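Next comes run_30.txt, a file with compact mmCIF, C-alpha atoms and all ligand atoms.
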# COMPACT_ATOMS: atom_id res chain seq x y z
CA MET A 1463 0.00 0.00 0.00
CA LYS A 1464 1.52 3.32 -1.08
CA ASN A 1465 1.86 6.17 1.39
CA ASN A 1466 2.03 9.73 0.07
CA ASP A 1467 1.86 11.41 3.47
CA PHE A 1468 5.29 13.06 3.69
CA LYS A 1469 5.12 13.66 7.43
CA ASP A 1470 4.12 10.10 8.16
CA VAL A 1471 6.77 8.69 5.82
CA VAL A 1472 9.58 10.71 7.37
CA PHE A 1473 8.67 11.19 11.00
CA ASN A 1474 7.16 7.79 11.71
CA ARG A 1475 10.11 5.89 10.31
CA ARG A 1476 11.57 3.58 12.93
CA SER A 1477 14.12 0.82 12.82
CA VAL A 1478 11.95 -2.27 12.53
CA LYS A 1479 13.78 -5.52 13.18
CA GLU A 1480 11.16 -8.17 12.59
CA PHE A 1481 9.06 -8.61 9.49
CA ASP A 1482 6.10 -10.58 8.17
CA THR A 1483 7.77 -13.61 6.60
CA ASN A 1484 4.87 -14.07 4.18
CA VAL A 1485 5.60 -10.80 2.41
CA LYS A 1486 8.10 -10.79 -0.45
CA ILE A 1487 8.91 -7.87 -2.73
CA SER A 1488 8.79 -8.32 -6.51
CA HIS A 1489 11.91 -7.51 -8.51
CA GLU A 1490 9.90 -4.89 -10.35
CA GLU A 1491 9.02 -3.04 -7.16
CA MET A 1492 12.52 -3.45 -5.69
CA LEU A 1493 14.01 -1.93 -8.84
CA GLU A 1494 11.46 0.87 -8.70
CA MET A 1495 12.49 1.64 -5.10
CA ILE A 1496 16.18 1.53 -5.99
CA GLN A 1497 15.53 3.83 -8.94
CA GLU A 1498 13.75 6.26 -6.64
CA ALA A 1499 16.47 6.02 -3.98
CA THR A 1500 19.14 6.86 -6.55
CA LYS A 1501 17.58 10.26 -7.14
CA ALA A 1502 19.78 11.04 -4.12
CA PRO A 1503 22.63 13.44 -4.84
CA SER A 1504 26.20 12.21 -5.21
CA SER A 1505 29.58 13.88 -5.50
CA ILE A 1506 29.99 15.00 -9.15
CA ASN A 1507 27.02 12.75 -9.89
CA MET A 1508 29.29 9.70 -10.01
CA GLN A 1509 26.58 7.53 -8.37
CA PRO A 1510 29.05 5.11 -6.76
CA TRP A 1511 26.28 3.09 -5.06
CA ARG A 1512 25.85 -0.54 -6.03
CA PHE A 1513 23.19 -2.90 -4.66
CA VAL A 1514 23.02 -6.59 -3.92
CA VAL A 1515 19.51 -7.72 -2.97
CA VAL A 1516 19.77 -10.83 -0.83
CA GLU A 1517 16.37 -12.51 -0.88
CA SER A 1518 16.73 -16.26 -1.45
CA GLU A 1519 17.05 -18.72 1.42
CA GLU A 1520 20.46 -19.89 0.16
CA GLU A 1521 21.94 -16.39 -0.06
CA LYS A 1522 20.43 -15.36 3.27
CA ALA A 1523 22.10 -18.40 4.81
CA LYS A 1524 25.38 -17.12 3.38
CA LEU A 1525 24.76 -13.68 4.90
CA ARG A 1526 23.69 -14.98 8.31
CA PRO A 1527 27.19 -15.62 9.79
CA LEU A 1528 28.36 -12.22 8.55
CA ILE A 1529 25.81 -10.03 10.35
CA ARG A 1530 26.58 -10.65 14.00
CA PHE A 1531 23.57 -9.93 16.23
CA ASN A 1532 21.29 -9.02 13.33
CA THR A 1533 20.04 -12.49 12.43
CA ARG A 1534 16.39 -11.77 13.26
CA GLN A 1535 16.23 -9.15 10.50
CA ASN A 1536 17.93 -11.55 8.09
CA ASP A 1537 15.60 -14.41 8.94
CA THR A 1538 12.34 -12.48 8.64
CA SER A 1539 12.91 -9.67 6.11
CA ALA A 1540 11.66 -9.76 2.53
CA ALA A 1541 15.24 -8.88 1.57
CA MET A 1542 18.52 -7.63 2.92
CA VAL A 1543 19.76 -4.90 0.61
CA LEU A 1544 23.55 -4.58 0.66
CA PHE A 1545 24.85 -1.13 -0.21
CA PHE A 1546 28.36 -1.05 -1.68
CA GLY A 1547 30.43 1.89 -2.92
CA ASP A 1548 32.41 1.56 -6.15
CA MET A 1549 35.94 2.86 -5.57
CA GLN A 1550 36.45 3.01 -9.36
CA CYS A 1551 33.26 4.91 -10.04
CA HIS A 1552 35.09 7.47 -12.21
CA GLU A 1553 35.19 4.80 -14.94
CA HIS A 1554 31.52 5.61 -15.53
CA ALA A 1555 32.05 9.36 -15.97
CA GLU A 1556 31.88 9.20 -19.75
CA GLU A 1557 28.66 7.18 -19.68
CA ILE A 1558 26.94 9.56 -17.24
CA TYR A 1559 28.06 12.86 -18.72
CA GLY A 1560 27.81 11.58 -22.29
CA GLU A 1561 24.14 10.86 -21.72
CA ALA A 1562 23.63 14.34 -20.27
CA VAL A 1563 25.05 15.87 -23.46
CA GLU A 1564 23.07 13.48 -25.67
CA ARG A 1565 19.84 14.41 -23.89
CA GLY A 1566 20.58 18.09 -24.30
CA ILE A 1567 20.73 18.80 -20.58
CA MET A 1568 24.44 19.70 -20.60
CA PRO A 1569 26.51 21.48 -23.26
CA GLN A 1570 29.52 19.52 -24.59
CA GLU A 1571 32.04 22.09 -23.32
CA VAL A 1572 30.64 21.96 -19.79
CA LYS A 1573 31.02 18.19 -19.84
CA ASP A 1574 34.60 18.46 -21.14
CA ASN A 1575 35.49 21.02 -18.47
CA LEU A 1576 33.96 19.05 -15.63
CA LEU A 1577 35.46 15.72 -16.63
CA GLY A 1578 38.85 17.37 -17.26
CA MET A 1579 38.79 18.64 -13.70
CA PHE A 1580 37.11 15.92 -11.70
CA VAL A 1581 38.09 12.62 -13.26
CA PRO A 1582 41.82 13.14 -12.56
CA SER A 1583 40.99 14.23 -9.00
CA TYR A 1584 39.18 10.92 -8.47
CA GLN A 1585 41.91 8.93 -10.21
CA ASN A 1586 44.55 10.49 -7.97
CA ALA A 1587 42.55 10.44 -4.73
CA SER A 1588 43.95 8.43 -1.86
CA LYS A 1589 42.18 5.21 -0.96
CA GLN A 1590 40.96 6.78 2.28
CA HIS A 1591 39.55 9.81 0.50
CA MET A 1592 37.78 7.70 -2.13
CA ASN A 1593 36.44 5.47 0.64
CA ASP A 1594 34.99 8.55 2.35
CA ILE A 1595 33.42 9.82 -0.88
CA VAL A 1596 31.70 6.58 -1.81
CA LYS A 1597 30.48 6.05 1.75
CA ILE A 1598 28.97 9.54 1.98
CA ASP A 1599 27.26 9.18 -1.40
CA SER A 1600 25.97 5.67 -0.76
CA SER A 1601 24.72 6.66 2.70
CA LEU A 1602 22.58 9.38 1.16
CA ALA A 1603 21.08 6.78 -1.19
CA ALA A 1604 20.51 4.46 1.77
CA MET A 1605 18.59 7.12 3.69
CA GLN A 1606 16.50 7.88 0.64
CA PHE A 1607 15.89 4.16 0.14
CA MET A 1608 14.53 3.86 3.68
CA LEU A 1609 12.07 6.70 3.10
CA VAL A 1610 11.10 5.43 -0.34
CA ALA A 1611 10.47 2.04 1.25
CA ARG A 1612 7.99 3.62 3.68
CA ALA A 1613 6.27 5.37 0.80
CA HIS A 1614 5.83 1.87 -0.67
CA GLY A 1615 4.37 0.59 2.60
CA TYR A 1616 7.49 -1.20 3.89
CA GLU A 1617 9.65 -0.77 6.98
CA THR A 1618 13.42 -0.95 7.23
CA ASN A 1619 16.36 -1.33 9.57
CA PRO A 1620 19.76 0.11 8.70
CA ILE A 1621 22.47 -2.32 9.76
CA GLY A 1622 26.11 -1.43 10.26
CA GLY A 1623 26.97 -4.49 12.34
CA PHE A 1624 28.46 -6.87 9.79
CA GLU A 1625 31.81 -8.35 8.79
CA GLU A 1626 33.09 -5.56 6.59
CA ASP A 1627 36.12 -7.47 5.42
CA GLN A 1628 34.09 -10.44 4.13
CA LEU A 1629 30.88 -9.03 2.66
CA ALA A 1630 32.00 -8.17 -0.90
CA GLU A 1631 33.77 -11.44 -1.53
CA ALA A 1632 30.90 -13.51 -0.11
CA PHE A 1633 28.60 -11.99 -2.73
CA GLY A 1634 30.95 -12.21 -5.68
CA LEU A 1635 32.31 -8.66 -5.69
CA ASP A 1636 35.94 -7.58 -5.87
CA PRO A 1637 36.68 -6.43 -2.29
CA GLU A 1638 39.36 -4.01 -3.49
CA ARG A 1639 36.85 -2.21 -5.64
CA TYR A 1640 33.57 -2.42 -3.72
CA VAL A 1641 33.42 -1.22 -0.11
CA PRO A 1642 30.45 -2.28 1.98
CA VAL A 1643 28.57 0.73 3.34
CA LEU A 1644 25.35 -0.42 4.98
CA ILE A 1645 22.83 -3.23 4.91
CA VAL A 1646 19.14 -2.30 4.90
CA ALA A 1647 16.68 -4.96 6.01
CA ILE A 1648 13.31 -4.37 4.34
CA GLY A 1649 9.89 -5.96 4.63
CA LYS A 1650 6.39 -5.56 5.95
CA GLY A 1651 6.82 -4.54 9.60
CA ASP A 1652 5.56 -7.11 12.06
CA TYR A 1653 5.22 -4.86 15.11
CA THR A 1654 4.91 -1.20 16.08
CA SER A 1655 8.35 -0.04 17.02
CA HIS A 1656 8.85 2.24 20.01
CA ASP A 1657 9.84 5.87 19.67
CA THR A 1658 13.51 6.82 20.02
CA VAL A 1659 15.20 9.77 21.67
CA ARG A 1660 16.68 12.73 19.80
CA PHE A 1661 18.67 15.73 21.04
CA ASN A 1662 17.00 19.10 20.95
CA ALA A 1663 18.24 21.01 17.92
CA GLU A 1664 19.42 23.89 20.17
CA LYS A 1665 21.76 21.53 22.01
CA ILE A 1666 23.60 20.41 18.90
CA THR A 1667 23.54 23.57 16.79
CA THR A 1668 25.66 26.70 16.80
CA PHE A 1669 24.89 29.78 14.74
CA LYS A 1670 27.88 31.89 13.74
C1 LIG B 1701 24.96 3.42 10.36
C2 LIG B 1701 23.94 2.70 11.20
C3 LIG B 1701 24.20 1.43 11.66
C4 LIG B 1701 23.24 0.72 12.39
N1 LIG B 1701 23.50 -0.56 12.74
C5 LIG B 1701 22.53 -1.28 13.34
C6 LIG B 1701 22.72 -2.66 13.59
O1 LIG B 1701 23.76 -3.25 13.28
N2 LIG B 1701 21.70 -3.36 14.18
C7 LIG B 1701 20.53 -2.76 14.52
O2 LIG B 1701 19.65 -3.43 15.05
N3 LIG B 1701 20.31 -1.43 14.30
C8 LIG B 1701 21.28 -0.68 13.70
N4 LIG B 1701 21.06 0.64 13.44
C9 LIG B 1701 19.78 1.27 13.82
C10 LIG B 1701 19.93 2.28 14.97
O3 LIG B 1701 20.10 1.60 16.19
C11 LIG B 1701 18.68 3.17 14.99
O4 LIG B 1701 18.58 3.87 13.77
C12 LIG B 1701 18.70 4.20 16.15
O5 LIG B 1701 18.69 3.54 17.38
C13 LIG B 1701 17.52 5.17 16.07
O6 LIG B 1701 16.31 4.45 16.04
P1 LIG B 1701 15.26 4.64 14.85
O7 LIG B 1701 15.95 4.23 13.57
O8 LIG B 1701 14.12 3.74 15.18
O9 LIG B 1701 14.87 6.09 14.80
C14 LIG B 1701 22.01 1.35 12.72
C15 LIG B 1701 21.77 2.66 12.28
C16 LIG B 1701 22.70 3.31 11.51
C17 LIG B 1701 22.39 4.71 11.01
Spit out the file's structure as structure tokens when you get a sec.
Amino acid sequence: MKNNDFKDVVFNRRSVKEFDTNVKISHEEMLEMIQEATKAPSSINMQPWRFVVVESEEEKAKLRPLIRFNTRQNDTSAAMVLFFGDMQCHEHAEEIYGEAVERGIMPQEVKDNLLGMFVPSYQNASKQHMNDIVKIDSSLAAMQFMLVARAHGYETNPIGGFEEDQLAEAFGLDPERYVPVLIVAIGKGDYTSHDTVRFNAEKITTFK
């Protein structure tokens, strides 16, 4: 059931850790949600996020030993969506900016200028810096995915407790290239989650 109530989608989101095991999500709808999540912004629009949707019993069994205390979400969710960041995302610059020129939304010389500036900066970036970039970008997509999921009538739980050094390889990705960012459990929520505490904005904000 779709939910177009912005306030409800955003402010009633909770981390839900147990799901109705009868509810699966079609590939069509999952792709629609991923498409909507990737309207998120990314540094120089390089879109480094990559997704592995773990939904079958066999693949969930593979994930189970890698997610520490988060097995309940794995066992009951419709899917565990693994968010990875592509450390070599600049290889797609031509494809992305070429399409922008083709579609008439960017002049050729703007593309040439941007790529001339930014592609070398990505190529020469340290591993740590690239790691930071792809994690920031992919985290924005993950947040958007969680809200999009609610708009589609699903609940989610972001999961950072997993074996970072084993996740890529376990799912057939080159661990040098793809860094794991977050896992999002998704499904039809099976309980009403309790509210959680937040700081007052005044406490954590300074105006200068
Ligand atoms: C980066 C990140 C990692 C998290 N890792 C886990 C986790 O491993 N297991 C879990 O149950 N919840 C995890 N959470 C959920 C948080 O505990 C939860 O978002 C927080 O307590 C606030 O509750 P709320 O999401 O219901 O508002 C994670 C959240 C974030 C943002």
Taking all atoms listed in the file into account, report as a compact mmCIF listing (two decimals) with C-alpha atoms, in the coordinates of the input which residues have an atom no farther than 6 Å from an atom of ligand LIG 1701 (chain B).
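The resulting file, pocket.txt, is shown below:
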# COMPACT_ATOMS: atom_id res chain seq x y z
CA ARG A 1476 11.57 3.58 12.93
CA SER A 1477 14.12 0.82 12.82
CA ASN A 1532 21.29 -9.02 13.33
CA PRO A 1620 19.76 0.11 8.70
CA ILE A 1621 22.47 -2.32 9.76
CA GLY A 1622 26.11 -1.43 10.26
CA GLY A 1623 26.97 -4.49 12.34
CA THR A 1658 13.51 6.82 20.02
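Residues with any atom within 12 Å of A:Arg1612, counting only C-alpha atoms and excluding same-chain neighbours fewer than 5 positions away, are Met1463, Lys1464, Asn1465, Asn1466, Asp1467, Phe1468, Lys1469, Asp1470, Val1471, Val1472, Phe1473, Asn1474, Arg1475, Arg1476, Ser1477, Val1478, Met1495, Ala1499, Met1605, Gln1606, Phe1607, Glu1617, Thr1618, Asn1619, Ile1648, Gly1649, Lys1650 and Gly1651 of chain A.
Shortest separation to A:Asp1537 among A:Ala1555, A:Val1516, A:Leu1602, A:Met1568 occurs at residue A:Val1516, atoms counted being all atoms listed in the file.
Here atom CA of A:Glu1625 is placed at a distance of 17.0 Å from atom CA of A:Val1515.
Closest approach to A:Val1581 among A:Val1563, A:Cys1551, A:Ile1529, A:Ile1487 is made by A:Cys1551 (distances from all atoms listed in the file).
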Between A:His1552, A:Gly1547, A:Glu1521, A:Tyr1616, single out the one closest to A:Asp1652, counting only C-alpha atoms. A:Tyr1616
Quick one: residues within 9 Å of A:Arg1512, all atoms listed in the file counted, chain neighbours fewer than 5 positions away excluded, as a PyMOL selection string? chain A and resi 1544-1548+1600+1640
For A:Glu1557, please output as a VMD selection string all residues within 12 Å (counting only C-alpha atoms; exclusion window: fewer than 5 positions along the same chain). chain A and resid 1507 to 1509 1551 to 1552 1562 to 1564 1573 1577
